[in-house]
Every structure is written in C-alpha cells, then in structure tokens.
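Trainee: First the structure, which I've put down as structure tokens, then a few questions once you've had a look.
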Amino acid sequence: MKKTAYSLAALAVLAAAGSAQAQSNVTLYGRLDAGVSTTSNAGPNKSSMTQVSSGGMNTSRWGILGSEDLGGGLKAVFNLEGGILVDTGAADGALFKRQANVGLEGAFGRVVLGRSFTTVYDFVLPFDPMAYAPFYSWATSANATGPSKYGMTTAFDNMVKYSGKTGDFSYGASYGFGEQSTGNSDSAKLSTAVTYKTGPVSLLATYEQVNGNAIAGGARDKTTVYHLGAMYDDGPWKVQAAARDYKLDPAASGKADVRGTLYWGGVSYKTTPVITLTGVIYYQDVKNVAANLNADPIMYVARVRYALSKRTDLYVAGAYAKAKHNQLVSLSRDDAGFGDTQRGLIAGIQHRF
C-alpha cells in the first residue's frame, strides 16, 4: 500500500511539473549511480561479499526544482528530492526525504522552509575530495563500526535555512525547530558556516549544535560539531584538507563526554580533460574512552574517474581501513565491519540528467 501511494504521488508531481513549465522554470533532474563492489570482513564469519551497489561516487536520486520570477529581482523557489536504490528500484527512504522545501530568493540571499541539507553539510561538501561518496568517504561521519560515528547532521526537518554571499565571503545558517511543548530549546538544531575564497584558495569554518530534551533539573544532552578546512584549486590540481571536532555532552545521564576528531586530506589531478585521479586519507582520533579501546581508525582511498561525456562517468575506487587495539572498523559510514581491517573495491557508472 505504501509503495502504491509513493508511486501515485510521484506521478502526480511529474504531471504538475509538466503543466507548470509554461508558467515557471521547472527542472526534472537526477543522478543514477551503480557499481559492482567487493568488501572483505563483511559478515560475522569475516567472509567477503560481492554485490551490485547503488551509489558509488554519489547517492542515486531524482528531484524537481523550480523558480518563478516575481519581479524586482525576487523569485519564488522550491525543491523536491528523493533517493533511489538503483540495485533494486526501491525508494531510499521517504519519497522526498532528501529535500522538500519552498522559499524566496533575491538580492538578500535565499531563504527556504521545510526539509533540506544543513548549512554545514552544504559548505563542507566542496572540501571533501570524495564529495561524500558512499564508496568511500568518512567526511559526513566516521565508519559505522563503534559506539559513535562522530559525525555531522546531514539534514534537518522543520527548518528555516538562509544562504548569502558578500564579496569573497559565502555564509549561511539553518535552524531546525524542535517543536516540543516543553520549550523551544528542546530538540532544537543549529547549523552555521562561512567560506572565504581568494584566487585558488578557499577557507572554511562551521559550527553545529543539536539539543536533546531537558530532564528534571534542566540538564540536556547536547552535541556540538566544528569544522575548519582549506582548499587549493588551480588548473589540473586540487588539494583539500579539513578537520572536524565532535563532542557529545550527555548531561542528562551524567556520563563522560563522547569526543572524536576527524582529519582528512586529499589530492585530485586531471591527467587529461576526461581522467581524474584522486587520493585521500581519513583519520579518526577517538577520545575519552577506556584504555586500549580507542580504535583511532584510518582509511586510505584511491579513485580513477573517466568522463565518457558531460553526463556519464565510469569509475574505479579502492580503499583500505585499519583500527588499533583489535577494534572493529568499516570502510562504510552505513554498514558495520567485522574485523580490525577492511578492504574494498568498486567499479561503476554514473549518469546525470
């Protein structure tokens, strides 16, 4: 019943998009990405697994975005976007779980309401050499194995989001309402970021705070995340580096803080206009854990990307991850590993429309 409802909703949106084209600028877009991957230590018996995977370089998705000129430099804007599992054809979550927002854009910048990626997510993306690739990037969160992923929040519900630009500075902020009757601070979320670009050099700073709900006495869990980053992009070369400091303050339980700092650095080089080579290292410094339980995982990644056209790429990526003190590690931010090392390889194709 749910799949039928999703299908009918999708058809209705497509029909609306077609009829609206004469009145406004409406675009149907998408990205289909699939590959054949093999991964070691992928199960409790530590055996390898080979499969067709959806989303190698990027998560597969489809969406509709549009704008209407209201005059005087003001536009109404909207975006609907949902994930796709190309290997099965199923929806990757709710129909428009990735994006569902509407707002205004003008000389003041852009303001939207609804669900969207956070400001931190948007601003950190250009500083990750793998651009949040499911195979293989730890830039949004560290590996899926362990008590914490030490990551940023990728999207907020119930959001007001602003972005703007002044000279060499780009900036933005997102606020997710907690919508709790116990107080405006309960479950509230804040995400802010700024970048500065001069010539080939870009610099990044971000801050994120996610609140829990207060208990008797006013104690409230709180997560804070900071990023600092730098990028050099000139000709065929691109060098990117960043660090994220993650802190979970479990005040409501009275337990010790959960801390972790992620560092990454990478280089991309276009050997020809159609071939791009990328190499990256991600390292997680785990803190505030018992002696000899800090995994401090590290992952090495290499990728070759070949552009068949402006819309279609072939790629091959390989990665190796290792943890200390016999702790478990995973190449993936979503799927757990079953050993203190893991190796992976994927070959795939991506098409954008």
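Ordering of the structure tokens sets the chain letters (A, B, ...); residue numbers start at 1 within each chain; ligands are numbered from 1 in the order shown.
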Can you tell me, as a tab-separated table (two decimals) with N, CA and C atoms, in the first residue's frame, what residues are no more than 8 Å from A:Val280 when counting only C-alpha atoms, ignoring any on the same chain fewer than 3 positions away?
Mentor:
```tsv
chain	number	residue	atom	x	y	z
A	129	PRO	N	37.51	15.59	-0.83
A	129	PRO	CA	37.95	15.14	-2.15
A	129	PRO	C	37.06	14.07	-2.76
A	130	MET	N	36.35	13.30	-1.91
A	130	MET	CA	35.46	12.26	-2.41
A	130	MET	C	34.01	12.73	-2.52
A	264	TRP	N	41.09	14.86	7.52
A	264	TRP	CA	41.27	14.28	6.19
A	264	TRP	C	42.03	15.24	5.28
A	265	GLY	N	42.70	14.64	4.31
A	265	GLY	CA	43.43	15.41	3.32
A	265	GLY	C	43.53	14.61	2.04
A	266	GLY	N	43.45	15.29	0.91
A	266	GLY	CA	43.49	14.57	-0.35
A	266	GLY	C	43.91	15.45	-1.52
A	267	VAL	N	44.28	14.79	-2.60
A	267	VAL	CA	44.72	15.46	-3.82
A	267	VAL	C	43.98	14.85	-5.01
A	300	TYR	N	42.54	4.72	3.74
A	300	TYR	CA	43.23	5.19	2.55
A	300	TYR	C	42.34	4.91	1.34
A	301	VAL	N	42.17	5.91	0.48
A	301	VAL	CA	41.27	5.78	-0.67
A	301	VAL	C	41.97	6.23	-1.94
A	302	ALA	N	41.73	5.52	-3.04
A	302	ALA	CA	42.20	5.93	-4.36
A	302	ALA	C	41.07	5.72	-5.37
```
Trainee: Which residues, written as number ranges by chain, have at least one atom at most 10 Å from A:Thr182, with only C-alpha atoms counted and residues fewer than 3 positions away on the same chain left out?
Mentor: A: 178-179, 185-187, 213-215
Trainee: Would you mind listing what lies within 8 Å of A:Gly337 as a list in words, with only C-alpha atoms counted and same-chain residues fewer than 2 positions away left out?
Mentor: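 Returned residues: Asn41, Ala42, Gly43, Ala144, Thr145, Leu328, Val329, Ser330, Leu331, Asp335, Gly339 and Gln342 of chain A.
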Trainee: Could you work out how far atom CA of A:Asn211 lies from atom CA of A:Asp249, giving the answer in Å with one decimal?
Mentor: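 Computing the Euclidean distance for atom CA of A:Asp249 and atom CA of A:Asn211 yields 9.8 Å.
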Trainee: Using only C-alpha atoms, determine which residues lie at most 10 Å from A:Val36, disregarding the query and same-chain residues fewer than 5 positions distant; provide the list as a list in words.
Mentor: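 Contacts, with the query itself left out: Thr50, Gln51, Val52, Ser53, Ser54, Gly56, Asp87, Val316, Leu345, Ile346, Ala347, Gly348 and Ile349 of chain A.
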Trainee: Those same residues - N, CA and C atoms - I'd like them written as a tab-separated table (two decimals), in the first residue's frame.
Mentor:
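Listed below is the output, again-v2.tsv:
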```tsv
chain	number	residue	atom	x	y	z
A	50	THR	N	30.45	-9.79	-2.46
A	50	THR	CA	30.42	-9.10	-3.74
A	50	THR	C	28.97	-8.84	-4.11
A	51	GLN	N	28.67	-7.61	-4.55
A	51	GLN	CA	27.28	-7.25	-4.80
A	51	GLN	C	27.20	-6.10	-5.79
A	52	VAL	N	26.00	-5.90	-6.35
A	52	VAL	CA	25.70	-4.69	-7.10
A	52	VAL	C	25.24	-3.65	-6.09
A	53	SER	N	25.92	-2.50	-6.08
A	53	SER	CA	25.65	-1.47	-5.08
A	53	SER	C	25.11	-0.22	-5.75
A	54	SER	N	24.13	0.40	-5.13
A	54	SER	CA	23.60	1.67	-5.61
A	54	SER	C	24.34	2.80	-4.93
A	56	GLY	N	27.94	4.73	-5.84
A	56	GLY	CA	29.37	4.55	-5.65
A	56	GLY	C	30.04	5.89	-5.41
A	87	ASP	N	19.97	-0.63	-7.39
A	87	ASP	CA	20.13	-2.08	-7.46
A	87	ASP	C	18.80	-2.82	-7.32
A	316	VAL	N	36.53	3.66	-10.92
A	316	VAL	CA	37.02	2.54	-10.12
A	316	VAL	C	37.61	3.13	-8.85
A	345	LEU	N	36.65	-2.63	-3.03
A	345	LEU	CA	36.88	-2.21	-4.42
A	345	LEU	C	35.53	-2.11	-5.11
A	346	ILE	N	35.32	-1.04	-5.87
A	346	ILE	CA	34.09	-0.88	-6.63
A	346	ILE	C	34.41	-0.33	-8.01
A	347	ALA	N	33.71	-0.85	-9.02
A	347	ALA	CA	33.77	-0.34	-10.39
A	347	ALA	C	32.35	-0.03	-10.81
A	348	GLY	N	32.12	1.20	-11.29
A	348	GLY	CA	30.74	1.57	-11.56
A	348	GLY	C	30.59	2.61	-12.65
A	349	ILE	N	29.33	3.02	-12.80
A	349	ILE	CA	28.95	4.02	-13.81
A	349	ILE	C	27.97	4.98	-13.18
```
Trainee: Tell me, as a PDB file with N, CA and C atoms, in the first residue's frame, which residues lie within 10 Å of A:Leu293, counting only C-alpha atoms; anything in the same chain fewer than 3 positions away does not count.
Mentor:
```pdb
ATOM      1  N   VAL A 286      39.933   9.062  18.303  1.00  0.00           N
ATOM      2  CA  VAL A 286      38.879   8.790  19.283  1.00  0.00           C
ATOM      3  C   VAL A 286      39.377   9.164  20.681  1.00  0.00           C
ATOM      4  N   LYS A 287      38.534   9.867  21.441  1.00  0.00           N
ATOM      5  CA  LYS A 287      38.944  10.366  22.754  1.00  0.00           C
ATOM      6  C   LYS A 287      37.933   9.948  23.825  1.00  0.00           C
ATOM      7  N   ASN A 288      38.366  10.059  25.083  1.00  0.00           N
ATOM      8  CA  ASN A 288      37.503   9.797  26.243  1.00  0.00           C
ATOM      9  C   ASN A 288      36.912   8.388  26.248  1.00  0.00           C
ATOM     10  N   VAL A 289      37.734   7.407  25.890  1.00  0.00           N
ATOM     11  CA  VAL A 289      37.312   6.010  26.006  1.00  0.00           C
ATOM     12  C   VAL A 289      38.314   5.285  26.903  1.00  0.00           C
ATOM     13  N   ALA A 290      37.940   4.092  27.346  1.00  0.00           N
ATOM     14  CA  ALA A 290      38.814   3.322  28.226  1.00  0.00           C
ATOM     15  C   ALA A 290      40.129   2.980  27.521  1.00  0.00           C
ATOM     16  N   ASP A 296      40.813   4.579  16.863  1.00  0.00           N
ATOM     17  CA  ASP A 296      41.583   5.520  16.040  1.00  0.00           C
ATOM     18  C   ASP A 296      41.721   5.012  14.596  1.00  0.00           C
ATOM     19  N   LYS A 324      43.088   0.392  15.558  1.00  0.00           N
ATOM     20  CA  LYS A 324      44.025  -0.035  16.593  1.00  0.00           C
ATOM     21  C   LYS A 324      43.348  -0.964  17.605  1.00  0.00           C
ATOM     22  N   HIS A 325      44.178  -1.633  18.397  1.00  0.00           N
ATOM     23  CA  HIS A 325      43.756  -2.393  19.582  1.00  0.00           C
ATOM     24  C   HIS A 325      42.659  -3.422  19.277  1.00  0.00           C
ATOM     25  N   ASN A 326      42.735  -4.029  18.084  1.00  0.00           N
ATOM     26  CA  ASN A 326      41.811  -5.088  17.684  1.00  0.00           C
ATOM     27  C   ASN A 326      40.347  -4.635  17.672  1.00  0.00           C
ATOM     28  N   GLN A 327      40.128  -3.329  17.536  1.00  0.00           N
ATOM     29  CA  GLN A 327      38.758  -2.817  17.433  1.00  0.00           C
ATOM     30  C   GLN A 327      38.242  -3.005  16.004  1.00  0.00           C
TER      31      GLN A 327
END
```
Trainee: Calculated over only C-alpha atoms, which of the candidates A:Met57, A:Ala193, A:Leu248, A:Met49 has the smallest distance to A:Thr312?
Mentor: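 Under the stated criterion, the closest residue is A:Met57.
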Trainee: For a quick check of understanding, using only C-alpha atoms, which of A:Leu190, A:Ala91, A:Ala100, A:Leu85 has the smallest distance to A:Leu65?
Mentor: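 Among the listed residues, the smallest separation from A:Leu65 belongs to A:Ala100.
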Trainee: Take atom CA of A:Leu308 and atom CA of A:Val274 and report the distance between them in Å, one decimal.
Mentor: 7.3 Å
Trainee: Show me, as a list in words, the residues that have an atom within 6 Å of A:Ile275 when counting only C-alpha atoms, minus same-chain residues fewer than 4 positions from it.
Mentor: Lys270, Thr271, Arg305 and Tyr306 of chain A
Trainee: Tell me, which residues of stretch 100-281 of chain A carry DSSP alpha helix (DSSP H), written as a ChimeraX atom specification?
Mentor: /A:119-124
Trainee: Can I get the selection written as a compact mmCIF listing (two decimals), in the first residue's frame, with C-alpha atoms?
Mentor:
```txt
# COMPACT_ATOMS: atom_id res chain seq x y z
CA THR A 119 24.28 24.60 6.04
CA VAL A 120 27.28 22.70 7.41
CA TYR A 121 26.60 19.80 5.02
CA ASP A 122 26.42 22.18 2.04
CA PHE A 123 29.58 24.09 2.93
CA VAL A 124 31.79 21.12 3.86
```
Trainee: In stretch 93-295 of chain A, what's strand (DSSP E) per DSSP? Answer as number ranges by chain?
Mentor: A: 99-106, 109-117, 155-166, 169-176, 189-198, 201-211, 222-234, 237-249, 258-272, 275-287
Trainee: Have a look at A:Val194, A:Ala219, A:Ala321, A:Ala295 and name the one nearest to A:Tyr136; count only C-alpha atoms.
Mentor: A:Ala321
Trainee: Hey, can you check how far atom CA of A:Thr88 sits from atom CA of A:Asn58?
Mentor: 16.5 Å
Trainee: Identify which of the residues A:Ser191, A:Thr59, A:Gln180, A:Asn158 lies closest to A:Thr118, counting only C-alpha atoms when measuring atom-to-atom distances.
Mentor: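 When distances to A:Thr118 are compared using only C-alpha atoms, the smallest one comes from A:Ser191.
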Trainee: Return the single residue from A:Gly83, A:Gly229, A:Gly260, A:Gly146 that is closest to A:Gln284, with distances computed using only C-alpha atoms.
Mentor: A:Gly260
